[in-house]
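Peer 1: Got a file for you: target_36.cif, mmCIF, C-alpha atoms and all ligand atoms.
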```cif
data_data
loop_
_atom_site.label_atom_id
_atom_site.label_comp_id
_atom_site.auth_asym_id
_atom_site.auth_seq_id
_atom_site.Cartn_x
_atom_site.Cartn_y
_atom_site.Cartn_z
CA MET A 1 -23.35 -32.53 5.49
CA THR A 2 -20.03 -30.84 4.81
CA ARG A 3 -16.52 -32.22 5.14
CA ILE A 4 -13.63 -29.89 5.87
CA LEU A 5 -9.89 -30.54 5.86
CA GLY A 6 -8.19 -28.15 8.30
CA ILE A 7 -4.54 -27.07 8.19
CA GLU A 8 -2.74 -25.24 11.02
CA THR A 9 0.89 -24.00 10.93
CA SER A 10 0.79 -20.68 12.80
CA CYS A 11 3.43 -21.50 15.41
CA ASP A 12 5.33 -24.70 16.21
CA GLU A 13 2.63 -27.34 15.66
CA THR A 14 2.13 -28.82 12.18
CA SER A 15 -1.44 -30.07 12.24
CA ALA A 16 -4.15 -31.36 9.92
CA ALA A 17 -7.64 -32.66 10.68
CA VAL A 18 -10.93 -33.61 9.11
CA VAL A 19 -14.34 -32.68 10.54
CA GLU A 20 -17.78 -33.28 9.09
CA GLY A 21 -21.25 -32.10 9.93
CA THR A 22 -23.84 -29.37 9.66
CA GLY A 23 -24.35 -26.34 11.91
CA ASP A 24 -23.38 -27.28 15.47
CA GLU A 25 -23.60 -31.03 14.84
CA VAL A 26 -19.99 -31.58 13.98
CA GLU A 27 -17.85 -34.68 14.32
CA GLN A 28 -14.08 -34.82 14.36
CA LYS A 29 -12.98 -37.59 11.95
CA SER A 30 -9.23 -37.25 12.45
CA LEU A 31 -6.60 -35.04 14.05
CA VAL A 32 -2.84 -35.22 13.54
CA ILE A 33 -0.49 -32.90 15.47
CA LEU A 34 3.26 -32.91 15.02
CA SER A 35 4.91 -30.79 17.73
CA GLN A 36 8.34 -29.40 17.06
CA ASP A 37 10.31 -30.41 20.11
CA VAL A 38 13.39 -28.70 18.68
CA HIS A 39 12.26 -25.42 20.29
CA LYS A 40 12.66 -26.89 23.78
CA VAL A 41 16.40 -26.91 23.18
CA PHE A 42 16.38 -23.17 22.46
CA GLY A 43 14.00 -22.20 25.27
CA GLY A 44 11.41 -20.76 22.87
CA VAL A 45 10.11 -20.93 19.32
CA VAL A 46 12.75 -20.03 16.68
CA PRO A 47 10.67 -18.75 13.71
CA GLU A 48 13.05 -19.82 10.93
CA ILE A 49 13.34 -23.34 12.35
CA ALA A 50 9.55 -23.52 12.76
CA SER A 51 8.99 -22.67 9.06
CA ARG A 52 11.49 -25.26 7.88
CA ALA A 53 10.01 -27.94 10.11
CA HIS A 54 6.49 -27.20 8.78
CA LEU A 55 7.85 -27.58 5.26
CA THR A 56 9.17 -31.08 5.89
CA SER A 57 6.06 -32.22 7.82
CA ILE A 58 3.10 -30.66 6.04
CA VAL A 59 2.61 -33.23 3.27
CA PRO A 60 2.77 -36.37 5.45
CA VAL A 61 0.69 -34.73 8.20
CA VAL A 62 -2.12 -33.83 5.77
CA ASN A 63 -2.00 -37.26 4.12
CA ARG A 64 -2.15 -38.92 7.52
CA ALA A 65 -5.18 -36.84 8.57
CA LEU A 66 -6.99 -37.96 5.40
CA SER A 67 -6.07 -41.63 5.80
CA GLU A 68 -7.05 -41.66 9.51
CA ALA A 69 -10.44 -40.32 8.47
CA ASP A 70 -10.51 -43.00 5.76
CA LEU A 71 -11.12 -40.34 3.14
CA ALA A 72 -9.57 -39.08 -0.08
CA LEU A 73 -9.18 -35.43 -1.05
CA SER A 74 -12.09 -35.92 -3.46
CA ASP A 75 -14.38 -36.60 -0.46
CA ILE A 76 -13.59 -33.17 1.02
CA ASP A 77 -15.74 -30.09 0.32
CA ALA A 78 -13.29 -27.43 1.41
CA ILE A 79 -9.82 -26.84 2.77
CA ALA A 80 -9.68 -24.50 5.76
CA VAL A 81 -6.32 -22.96 6.56
CA THR A 82 -5.06 -20.65 9.31
CA TYR A 83 -3.90 -17.41 7.64
CA ALA A 84 -3.50 -15.15 10.73
CA PRO A 85 -2.28 -14.33 13.33
CA GLY A 86 1.06 -16.06 13.91
CA LEU A 87 4.60 -16.32 12.60
CA VAL A 88 4.34 -15.24 8.96
CA GLY A 89 6.93 -17.71 7.67
CA ALA A 90 5.17 -20.55 9.48
CA LEU A 91 1.69 -19.47 8.37
CA LEU A 92 2.85 -19.20 4.76
CA VAL A 93 3.72 -22.91 4.66
CA GLY A 94 0.13 -23.90 5.50
CA VAL A 95 -1.40 -21.16 3.35
CA SER A 96 0.72 -22.05 0.30
CA TYR A 97 0.08 -25.75 0.67
CA GLY A 98 -3.65 -25.22 1.28
CA LYS A 99 -3.93 -23.03 -1.81
CA SER A 100 -2.04 -25.56 -3.96
CA LEU A 101 -4.22 -28.42 -2.73
CA ALA A 102 -7.40 -26.42 -3.34
CA PHE A 103 -6.27 -25.43 -6.83
CA ALA A 104 -5.12 -28.93 -7.80
CA SER A 105 -8.22 -30.67 -6.46
CA GLY A 106 -10.79 -28.04 -7.39
CA ARG A 107 -11.96 -27.81 -3.76
CA ALA A 108 -12.98 -24.56 -2.07
CA LEU A 109 -10.50 -22.69 0.11
CA VAL A 110 -11.55 -21.06 3.40
CA ALA A 111 -9.32 -18.70 5.40
CA VAL A 112 -9.53 -19.09 9.18
CA HIS A 113 -8.41 -16.68 11.91
CA HIS A 114 -6.43 -18.72 14.46
CA MET A 115 -8.18 -17.19 17.49
CA GLU A 116 -11.62 -17.88 16.03
CA GLY A 117 -10.41 -21.49 15.80
CA HIS A 118 -9.71 -21.46 19.56
CA LEU A 119 -13.28 -20.18 20.16
CA PHE A 120 -14.66 -23.24 18.36
CA ALA A 121 -12.28 -25.90 19.74
CA THR A 122 -14.18 -26.75 22.92
CA GLN A 123 -17.45 -27.33 21.05
CA LEU A 124 -15.89 -30.32 19.25
CA GLN A 125 -15.66 -32.04 22.62
CA HIS A 126 -18.60 -30.47 24.48
CA PRO A 127 -21.59 -30.10 22.12
CA GLU A 128 -23.26 -27.73 24.65
CA ALA A 129 -20.38 -25.22 24.41
CA VAL A 130 -22.32 -23.10 21.91
CA PRO A 131 -23.15 -19.36 21.94
CA PRO A 132 -24.08 -17.30 23.74
CA PHE A 133 -21.08 -17.68 26.07
CA THR A 134 -18.17 -15.85 27.67
CA ALA A 135 -14.84 -17.00 26.24
CA LEU A 136 -11.43 -16.76 27.86
CA LEU A 137 -8.66 -17.56 25.37
CA ILE A 138 -5.31 -17.97 27.07
CA SER A 139 -2.27 -19.08 25.11
CA GLY A 140 1.42 -18.35 24.75
CA GLY A 141 0.68 -15.48 22.39
CA HIS A 142 -2.77 -14.22 23.36
CA THR A 143 -5.06 -13.42 26.27
CA LEU A 144 -8.54 -12.48 25.09
CA LEU A 145 -11.79 -12.09 26.98
CA VAL A 146 -14.60 -12.28 24.43
CA ASP A 147 -18.38 -12.20 24.67
CA VAL A 148 -19.64 -14.59 22.01
CA GLU A 149 -23.20 -13.54 21.27
CA ALA A 150 -23.42 -15.93 18.31
CA TRP A 151 -20.81 -17.65 16.12
CA GLY A 152 -19.32 -14.81 14.08
CA ARG A 153 -20.54 -12.05 16.46
CA TYR A 154 -17.84 -11.25 18.97
CA ARG A 155 -17.40 -8.48 21.53
CA LEU A 156 -13.76 -8.12 22.48
CA LEU A 157 -14.08 -7.11 26.14
CA GLY A 158 -10.54 -7.33 27.40
CA GLN A 159 -7.04 -8.39 26.56
CA THR A 160 -3.56 -8.25 28.00
CA ARG A 161 -1.71 -4.96 28.00
CA ASP A 162 1.66 -6.73 27.87
CA ASP A 163 2.47 -10.43 28.33
CA ALA A 164 0.03 -13.18 27.39
CA ALA A 165 -0.95 -15.56 30.21
CA GLY A 166 1.14 -18.42 28.77
CA GLU A 167 4.06 -16.09 28.20
CA ALA A 168 3.88 -15.09 31.89
CA PHE A 169 3.97 -18.78 32.89
CA ASP A 170 6.96 -19.36 30.58
CA LYS A 171 8.91 -16.32 31.78
CA VAL A 172 8.29 -17.07 35.46
CA ALA A 173 9.31 -20.69 34.85
CA LYS A 174 12.57 -19.43 33.39
CA LEU A 175 13.17 -17.23 36.47
CA LEU A 176 12.64 -20.33 38.60
CA GLY A 177 15.03 -22.40 36.50
CA LEU A 178 12.32 -24.62 34.98
CA PRO A 179 12.27 -25.91 31.37
CA TYR A 180 10.28 -24.45 28.44
CA PRO A 181 7.31 -24.45 28.07
CA GLY A 182 6.94 -23.62 31.74
CA GLY A 183 3.18 -23.77 32.35
CA PRO A 184 2.89 -27.47 33.22
CA HIS A 185 6.00 -27.33 35.47
CA ILE A 186 4.63 -24.35 37.40
CA GLU A 187 1.25 -26.00 37.84
CA ARG A 188 2.86 -29.18 39.20
CA LEU A 189 5.23 -27.31 41.55
CA ALA A 190 2.52 -24.94 42.78
CA LYS A 191 0.60 -27.89 44.23
CA GLU A 192 3.43 -28.35 46.75
CA GLY A 193 3.70 -24.63 47.48
CA ASP A 194 2.47 -22.79 50.55
CA PRO A 195 0.02 -20.08 49.36
CA SER A 196 0.79 -17.76 52.29
CA ARG A 197 4.58 -17.50 51.73
CA HIS A 198 4.50 -15.19 48.69
CA ARG A 199 1.36 -13.19 48.19
CA PHE A 200 1.67 -11.14 45.01
CA SER A 201 -0.86 -8.42 44.31
CA ARG A 202 -3.59 -9.26 41.77
CA PRO A 203 -2.78 -7.22 38.66
CA MET A 204 -5.47 -4.81 37.41
CA VAL A 205 -7.99 -5.98 39.97
CA ARG A 206 -9.41 -3.24 42.18
CA ARG A 207 -12.76 -2.97 43.85
CA ASP A 208 -13.47 0.54 42.57
CA GLN A 209 -13.36 -0.54 38.90
CA ARG A 210 -16.64 -0.16 37.00
CA VAL A 211 -17.93 -1.36 33.63
CA GLY A 212 -16.67 1.14 31.08
CA ASP A 213 -13.33 1.66 32.85
CA PRO A 214 -10.58 0.69 30.43
CA ASP A 215 -9.03 -1.66 32.99
CA TYR A 216 -12.29 -3.35 34.05
CA TYR A 217 -11.67 -6.33 31.77
CA ASP A 218 -8.04 -5.89 30.65
CA VAL A 219 -5.20 -7.77 32.31
CA SER A 220 -1.47 -7.13 32.66
CA PHE A 221 1.13 -9.60 33.80
CA SER A 222 4.45 -7.77 33.49
CA GLY A 223 4.20 -6.27 36.99
CA LEU A 224 3.51 -9.72 38.43
CA LYS A 225 6.56 -11.04 36.59
CA THR A 226 8.69 -8.27 38.12
CA ALA A 227 7.29 -9.08 41.57
CA VAL A 228 8.32 -12.71 41.03
CA LEU A 229 11.78 -11.60 39.88
CA ASN A 230 12.20 -9.56 43.08
CA ALA A 231 11.09 -12.52 45.20
CA VAL A 232 13.57 -14.77 43.36
CA LYS A 233 16.38 -12.29 44.04
CA ARG A 234 15.56 -12.10 47.76
CA ALA A 235 14.96 -15.79 48.35
CA ASP A 236 16.86 -19.03 48.12
CA VAL A 237 15.28 -20.37 44.94
CA GLU A 238 16.08 -23.98 45.81
CA THR A 239 13.90 -23.92 48.91
CA GLU A 240 11.34 -21.31 47.78
CA ARG A 241 10.69 -22.47 44.20
CA ALA A 242 7.36 -24.21 44.85
CA HIS A 243 6.12 -21.42 47.14
CA ILE A 244 6.91 -18.73 44.57
CA ALA A 245 5.27 -20.80 41.81
CA ARG A 246 2.18 -21.08 44.02
CA GLY A 247 2.08 -17.35 44.76
CA PHE A 248 2.42 -16.49 41.08
CA GLN A 249 -0.17 -18.99 39.87
CA ASP A 250 -2.68 -17.95 42.55
CA ALA A 251 -2.38 -14.28 41.53
CA LEU A 252 -2.70 -15.04 37.82
CA ILE A 253 -5.64 -17.41 38.24
CA GLU A 254 -7.54 -15.12 40.60
CA THR A 255 -7.12 -12.25 38.14
CA LEU A 256 -8.40 -14.25 35.17
CA VAL A 257 -11.29 -15.70 37.19
CA GLU A 258 -12.34 -12.24 38.43
CA LYS A 259 -12.26 -10.71 34.91
CA THR A 260 -14.17 -13.65 33.43
CA SER A 261 -16.77 -13.46 36.19
CA ARG A 262 -17.25 -9.74 35.49
CA ALA A 263 -17.80 -10.49 31.78
CA ALA A 264 -20.25 -13.34 32.38
CA ARG A 265 -22.26 -11.28 34.89
CA ALA A 266 -22.36 -8.14 32.72
CA HIS A 267 -23.73 -10.11 29.74
CA ARG A 268 -25.78 -12.58 31.81
CA ARG A 269 -24.06 -15.58 30.27
CA THR A 270 -24.61 -19.03 31.73
CA ARG A 271 -21.72 -20.65 29.89
CA VAL A 272 -17.99 -19.95 30.08
CA VAL A 273 -15.70 -21.51 27.47
CA LEU A 274 -11.94 -21.75 27.97
CA GLY A 275 -9.42 -22.17 25.17
CA GLY A 276 -5.67 -21.98 24.43
CA GLY A 277 -2.73 -23.85 25.93
CA VAL A 278 -3.13 -22.35 29.42
CA ALA A 279 -6.63 -23.88 29.54
CA CYS A 280 -4.75 -27.17 30.15
CA ASN A 281 -4.18 -25.85 33.67
CA GLN A 282 -6.52 -27.89 35.87
CA THR A 283 -6.05 -25.61 38.87
CA LEU A 284 -7.30 -22.71 36.76
CA ALA A 285 -10.24 -24.69 35.37
CA GLY A 286 -11.16 -25.81 38.89
CA ALA A 287 -11.03 -22.25 40.30
CA MET A 288 -13.11 -21.05 37.34
CA ARG A 289 -15.75 -23.75 37.98
CA THR A 290 -15.98 -22.91 41.68
CA ARG A 291 -16.46 -19.20 41.01
CA MET A 292 -18.85 -19.58 38.07
CA ALA A 293 -21.04 -21.99 40.04
CA LYS A 294 -21.79 -18.99 42.31
CA ILE A 295 -23.33 -17.10 39.38
CA GLY A 296 -24.95 -20.20 37.90
CA ALA A 297 -22.64 -20.56 34.91
CA ASP A 298 -21.16 -23.80 33.54
CA VAL A 299 -17.51 -23.93 32.57
CA PHE A 300 -16.34 -25.87 29.50
CA ALA A 301 -12.63 -26.55 29.12
CA PRO A 302 -11.13 -28.46 26.19
CA ALA A 303 -8.90 -31.52 26.56
CA PRO A 304 -5.20 -30.65 26.11
CA ARG A 305 -5.17 -31.80 22.45
CA LEU A 306 -7.92 -29.32 21.60
CA ALA A 307 -6.69 -26.59 23.97
CA THR A 308 -3.27 -26.27 22.37
CA ASP A 309 -2.83 -25.45 18.69
CA ASN A 310 -4.54 -28.00 16.46
CA ALA A 311 -6.18 -28.20 13.04
CA ALA A 312 -9.50 -29.68 14.24
CA MET A 313 -10.49 -26.26 15.62
CA ILE A 314 -9.46 -24.66 12.31
CA ALA A 315 -11.59 -27.15 10.36
CA ARG A 316 -14.49 -26.52 12.82
CA ALA A 317 -14.32 -22.74 12.44
CA GLY A 318 -13.81 -23.26 8.68
CA LEU A 319 -17.03 -25.27 8.52
CA PHE A 320 -18.93 -22.34 10.03
CA ARG A 321 -17.35 -19.88 7.59
CA TYR A 322 -17.93 -22.24 4.63
CA GLU A 323 -21.61 -22.69 5.51
CA HIS A 324 -21.90 -18.90 5.48
CA GLY A 325 -20.63 -18.82 1.92
CA GLU A 326 -17.12 -17.61 2.61
CA ARG A 327 -14.43 -18.60 0.12
CA ALA A 328 -10.82 -17.42 0.04
CA PRO A 329 -9.14 -16.38 -3.21
CA LEU A 330 -6.02 -18.16 -4.45
CA ASP A 331 -3.97 -15.02 -3.79
CA LEU A 332 -4.71 -15.36 -0.05
CA ASN A 333 -1.85 -14.00 2.05
CA ALA A 334 -0.68 -14.64 5.63
CA TYR A 335 -0.67 -11.95 8.36
CA ALA A 336 1.29 -11.75 11.61
CA SER A 337 -1.55 -9.90 13.29
CA LEU A 338 -5.14 -9.29 12.32
CA PRO A 339 -8.23 -8.45 14.40
CA LEU A 340 -10.71 -11.24 15.11
CA PRO A 341 -13.39 -11.36 12.37
CA GLY A 342 -16.98 -10.53 13.26
CA LEU A 343 -16.18 -7.98 15.96
CA ILE A 344 -19.15 -5.93 17.13
CA ALA A 345 -19.07 -2.94 19.46
CA ALA A 346 -18.48 -3.91 23.09
O1 LIG B 1 -2.06 -22.48 22.72
P1 LIG B 1 -0.63 -22.89 22.87
O2 LIG B 1 -0.28 -24.33 22.68
O3 LIG B 1 0.29 -22.12 21.87
C1 LIG B 1 0.14 -20.79 21.55
O4 LIG B 1 -0.64 -20.50 20.62
O5 LIG B 1 0.80 -19.99 22.24
O6 LIG B 1 -0.17 -22.41 24.32
C2 LIG B 1 1.12 -22.65 24.82
C3 LIG B 1 1.20 -22.06 26.21
C4 LIG B 1 2.60 -22.07 26.79
O7 LIG B 1 2.88 -20.76 27.24
C5 LIG B 1 2.51 -23.05 27.94
O8 LIG B 1 3.37 -22.75 29.02
C6 LIG B 1 1.06 -22.94 28.34
O9 LIG B 1 0.37 -22.82 27.12
N1 LIG B 1 0.58 -24.09 29.10
C7 LIG B 1 0.22 -24.03 30.39
C8 LIG B 1 -0.11 -25.36 30.79
N2 LIG B 1 0.06 -26.18 29.72
C9 LIG B 1 0.48 -25.39 28.69
N3 LIG B 1 0.15 -23.00 31.23
C10 LIG B 1 -0.24 -23.25 32.48
N4 LIG B 1 -0.56 -24.46 32.95
C11 LIG B 1 -0.50 -25.56 32.16
N5 LIG B 1 -0.81 -26.76 32.63
ZN ZN B 2 -3.09 -20.84 19.56
#
```
Starting from the coordinates I provided, produce the structure as structure tokens.
Ligand code: KG4
Ligand code: ZN
Peer 2:
Amino acid sequence: MTRILGIETSCDETSAAVVEGTGDEVEQKSLVILSQDVHKVFGGVVPEIASRAHLTSIVPVVNRALSEADLALSDIDAIAVTYAPGLVGALLVGVSYGKSLAFASGRALVAVHHMEGHLFATQLQHPEAVPPFTALLISGGHTLLVDVEAWGRYRLLGQTRDDAAGEAFDKVAKLLGLPYPGGPHIERLAKEGDPSRHRFSRPMVRRDQRVGDPDYYDVSFSGLKTAVLNAVKRADVETERAHIARGFQDALIETLVEKTSRAARAHRRTRVVLGGGVACNQTLAGAMRTRMAKIGADVFAPAPRLATDNAAMIARAGLFRYEHGERAPLDLNAYASLPLPGLIAA
């Protein structure tokens, strides 16, 4: 049995968590997430403010994660820290603190790729969400369609050519005069919207696409955003807001469901795992379940606390890496972007 302390500071959440277990039998002992509400005032994450906020929160957040797990640092086998991708200044706070803790306590250090963390998050809640599966990771910064053959063996099938799914929600919310982050507001409004009032075309979805075509799995949301902007300009936003939100969300969801279905069918997967902040969207999860049921695949979506950025997923991915003998050196650096580890040819 191994115990891992996870640390996550890649964006605007300061988070620490403890998990323990072996292989896929892993239990979450604690999870502390401090969200930086300050960014709501600015309508987006301000990197310099994010770094400073991590700096003031990191020590109490880590201590709290240990005390909630009823453990001391000496009970921990390794410290897993997010080192990429993300805001470098924000990442460096977690990386520097993780390295110092590892050095001072003589514990091992494990470097975790943030998106690999998202791949593992759902399994903490749904023990059956194990490979092989099709993963759709949808957050404010990323949109990745990945075939997970085994933990650590990933085929990157598709990604966004421009805006991430969450970014599209946030930008459209702004066009509609809704607060940041916009995803939850759009989802709520869309429920009251008439789906036939604004039908936007489904981006990058055409019937003549075949496996091997570069756009078979990729997505693109900037055209959809422009279509929404044009609708906003033409319409009276006050009366059309919910209808436009509905039209936008329907187009985005149908696109993601179609691409995920293509991936699951092509690799004959019977499990689909969702991750990232946009996986909080119940309308999306519901549409995904309905479609996947037709091809006999189960859909696993994480609860909001595990869908959005959190250190439990970093500790969980760190446990896998630790069990495979991976250790990070004390000169570990942080990187704004870095490919997912364990990529194999698609
Ligand atoms: O994973 P996350 O917390 O942070 C990043 O790593 O980006 O994702 C945040 C994103 C935001 O764009 C937010 O609007 C979106 O997740 N989001 C949603 C919902 N809840 C959060 N998007 C659509 N529907 C939701 N219910
Ligand atoms: Zn994330």
Peer 1: What does the structure give for the distance between atom CA of Ser337 of chain A and atom CA of Gly89 of chain A, in Å to one decimal?
Peer 2: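 For atom CA of Ser337 of chain A relative to atom CA of Gly89 of chain A, the distance reads 12.8 Å.
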Peer 1: Would you mind listing what lies within 12 Å of Leu145 of chain A as JSON, numbers by chain, with all atoms listed in the file counted and same-chain residues fewer than 2 positions away left out?
Peer 2: {"A": [115, 119, 133, 134, 135, 136, 137, 138, 139, 142, 143, 147, 148, 154, 155, 156, 157, 158, 159, 160, 164, 165, 216, 217, 218, 219, 256, 257, 258, 259, 260, 261, 262, 263, 264, 272, 273, 274, 275, 276, 340, 346]}
Peer 1: Would you list the residues that come within 9 Å of ligand LIG 1 (chain B)? Count all atoms listed in the file and give the answer as a PyMOL selection string.
Peer 2: chain A and resi 10-13+86+114-115+118+137-142+164-171+173+180-188+249+275-284+304-305+307-310
Peer 1: Save the residues we just selected, C-alpha atoms, as a PDB file, in the coordinates of the input?
Peer 2:
```
ATOM      1  CA  SER A  10       0.790 -20.680  12.800  1.00  0.00           C
ATOM      2  CA  CYS A  11       3.430 -21.500  15.410  1.00  0.00           C
ATOM      3  CA  ASP A  12       5.330 -24.700  16.210  1.00  0.00           C
ATOM      4  CA  GLU A  13       2.630 -27.340  15.660  1.00  0.00           C
ATOM      5  CA  GLY A  86       1.060 -16.060  13.910  1.00  0.00           C
ATOM      6  CA  HIS A 114      -6.430 -18.720  14.460  1.00  0.00           C
ATOM      7  CA  MET A 115      -8.180 -17.190  17.490  1.00  0.00           C
ATOM      8  CA  HIS A 118      -9.710 -21.460  19.560  1.00  0.00           C
ATOM      9  CA  LEU A 137      -8.660 -17.560  25.370  1.00  0.00           C
ATOM     10  CA  ILE A 138      -5.310 -17.970  27.070  1.00  0.00           C
ATOM     11  CA  SER A 139      -2.270 -19.080  25.110  1.00  0.00           C
ATOM     12  CA  GLY A 140       1.420 -18.350  24.750  1.00  0.00           C
ATOM     13  CA  GLY A 141       0.680 -15.480  22.390  1.00  0.00           C
ATOM     14  CA  HIS A 142      -2.770 -14.220  23.360  1.00  0.00           C
ATOM     15  CA  ALA A 164       0.030 -13.180  27.390  1.00  0.00           C
ATOM     16  CA  ALA A 165      -0.950 -15.560  30.210  1.00  0.00           C
ATOM     17  CA  GLY A 166       1.140 -18.420  28.770  1.00  0.00           C
ATOM     18  CA  GLU A 167       4.060 -16.090  28.200  1.00  0.00           C
ATOM     19  CA  ALA A 168       3.880 -15.090  31.890  1.00  0.00           C
ATOM     20  CA  PHE A 169       3.970 -18.780  32.890  1.00  0.00           C
ATOM     21  CA  ASP A 170       6.960 -19.360  30.580  1.00  0.00           C
ATOM     22  CA  LYS A 171       8.910 -16.320  31.780  1.00  0.00           C
ATOM     23  CA  ALA A 173       9.310 -20.690  34.850  1.00  0.00           C
ATOM     24  CA  TYR A 180      10.280 -24.450  28.440  1.00  0.00           C
ATOM     25  CA  PRO A 181       7.310 -24.450  28.070  1.00  0.00           C
ATOM     26  CA  GLY A 182       6.940 -23.620  31.740  1.00  0.00           C
ATOM     27  CA  GLY A 183       3.180 -23.770  32.350  1.00  0.00           C
ATOM     28  CA  PRO A 184       2.890 -27.470  33.220  1.00  0.00           C
ATOM     29  CA  HIS A 185       6.000 -27.330  35.470  1.00  0.00           C
ATOM     30  CA  ILE A 186       4.630 -24.350  37.400  1.00  0.00           C
ATOM     31  CA  GLU A 187       1.250 -26.000  37.840  1.00  0.00           C
ATOM     32  CA  ARG A 188       2.860 -29.180  39.200  1.00  0.00           C
ATOM     33  CA  GLN A 249      -0.170 -18.990  39.870  1.00  0.00           C
ATOM     34  CA  GLY A 275      -9.420 -22.170  25.170  1.00  0.00           C
ATOM     35  CA  GLY A 276      -5.670 -21.980  24.430  1.00  0.00           C
ATOM     36  CA  GLY A 277      -2.730 -23.850  25.930  1.00  0.00           C
ATOM     37  CA  VAL A 278      -3.130 -22.350  29.420  1.00  0.00           C
ATOM     38  CA  ALA A 279      -6.630 -23.880  29.540  1.00  0.00           C
ATOM     39  CA  CYS A 280      -4.750 -27.170  30.150  1.00  0.00           C
ATOM     40  CA  ASN A 281      -4.180 -25.850  33.670  1.00  0.00           C
ATOM     41  CA  GLN A 282      -6.520 -27.890  35.870  1.00  0.00           C
ATOM     42  CA  THR A 283      -6.050 -25.610  38.870  1.00  0.00           C
ATOM     43  CA  LEU A 284      -7.300 -22.710  36.760  1.00  0.00           C
ATOM     44  CA  PRO A 304      -5.200 -30.650  26.110  1.00  0.00           C
ATOM     45  CA  ARG A 305      -5.170 -31.800  22.450  1.00  0.00           C
ATOM     46  CA  ALA A 307      -6.690 -26.590  23.970  1.00  0.00           C
ATOM     47  CA  THR A 308      -3.270 -26.270  22.370  1.00  0.00           C
ATOM     48  CA  ASP A 309      -2.830 -25.450  18.690  1.00  0.00           C
ATOM     49  CA  ASN A 310      -4.540 -28.000  16.460  1.00  0.00           C
TER      50      ASN A 310
END
```
Peer 1: Given all atoms listed in the file, how would the per-residue table for segment 83-130 of chain A near segment 28-52 of chain A read, listing every residue at most 12 Å away with its closest atom pair and distance in Å to one decimal, sorted by chain and number, as CSV?
Peer 2:
```
residue,atom,partner,partner_atom,distance
A:Gly86,CA,A:Pro47,CA,10.0
A:Leu87,CA,A:Pro47,CA,6.6
A:Val88,CA,A:Pro47,CA,8.7
A:Gly89,CA,A:Ser51,CA,5.5
A:Ala90,CA,A:Ser51,CA,4.4
A:Leu91,CA,A:Ser51,CA,8.0
A:Leu92,CA,A:Ser51,CA,8.3
A:Val93,CA,A:Ser51,CA,6.9
A:Gly94,CA,A:Ser51,CA,9.6
A:Val95,CA,A:Ser51,CA,12.0
A:Ala121,CA,A:Gln28,CA,10.6
A:Thr122,CA,A:Gln28,CA,11.8
A:Gln123,CA,A:Gln28,CA,10.6
A:Leu124,CA,A:Gln28,CA,6.9
A:Gln125,CA,A:Gln28,CA,8.9
A:His126,CA,A:Gln28,CA,11.9
A:Pro127,CA,A:Gln28,CA,11.8
```
Peer 1: What's around Gly286 of chain A at 10 Å? Count all atoms listed in the file, leave out sequence neighbours fewer than 6 positions away in its own chain, and write the answer as a list in words.
Peer 2: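 In the requested format, the answer is Met292, Val299 and Ala301 of chain A.
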Peer 1: Which residue out of A:Val61, A:Leu73, A:Met1, A:Val112 has the minimum interatomic distance to Ala334 of chain A when all atoms listed in the file are used?
Peer 2: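 Ranked by minimum distance to Ala334 of chain A, first place goes to A:Val112.
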Peer 1: When distances are computed from all atoms listed in the file, which of A:Ala245, A:Leu144, A:Val130, A:Ala190 shows the smallest separation from ligand ZN 2 (chain B)?
Peer 2: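 Closest residue, counting all atoms listed in the file: A:Leu144.
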Peer 1: Find the spatial neighbours of Gly106 of chain A, counting all atoms listed in the file, within a cut-off of 10 Å - ignore same-chain residues fewer than 5 positions away - and output them as an MDAnalysis selection string.
Peer 2: chainID A and resid 73:74 77:78 100:101
Peer 1: What is the atom CA of Leu176 of chain A to atom CA of Gly247 of chain A distance in Å?
Peer 2: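 Result for atom CA of Leu176 of chain A versus atom CA of Gly247 of chain A: 12.6 Å, one decimal.
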Peer 1: For Leu178 of chain A, which of A:Val237, A:Leu343, A:His113, A:Asp70 is the closest residue, counting all atoms listed in the file?
Peer 2: A:Val237
Peer 1: Quick one: everything within 7 Å of Ser222 of chain A, counting all atoms listed in the file, minus sequence neighbours fewer than 3 positions away in the same chain. Send it as a PyMOL selection string.
Peer 2: chain A and resi 162-163+225-226
Peer 1: Give me the residues near Ala311 of chain A as a ChimeraX atom specification, where near means some atom within 6 Å (using only C-alpha atoms) and where sequence neighbours in that chain fewer than 3 positions away do not count.
Peer 2: /A:6-8,15-17,314
Peer 1: Could you check the closest approach to Asp331 of chain A for each of A:Gly98, A:Pro85, A:Gly212, A:Gly21 and tell me which residue wins, using all atoms listed in the file?
Peer 2: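 Distance minimum relative to Asp331 of chain A lands on A:Gly98.
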Peer 1: Quick one, how far is atom CA of Ala84 of chain A from atom CA of Val62 of chain A?
Peer 2: 19.4 Å
Peer 1: Between A:Ile344, A:Ala297, A:Met313, A:Val146, which has the minimum distance to ligand ZN 2 (chain B) (counting only C-alpha atoms and all ligand atoms)?
Peer 2: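 Among A:Ile344, A:Ala297, A:Met313, A:Val146, it is A:Met313 that comes nearest to ligand ZN 2 (chain B).
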Peer 1: Using all atoms listed in the file, which residue out of A:Thr82, A:Val205, A:Ala303, A:Leu5 lies closest to ligand ZN 2 (chain B)?
Peer 2: A:Thr82
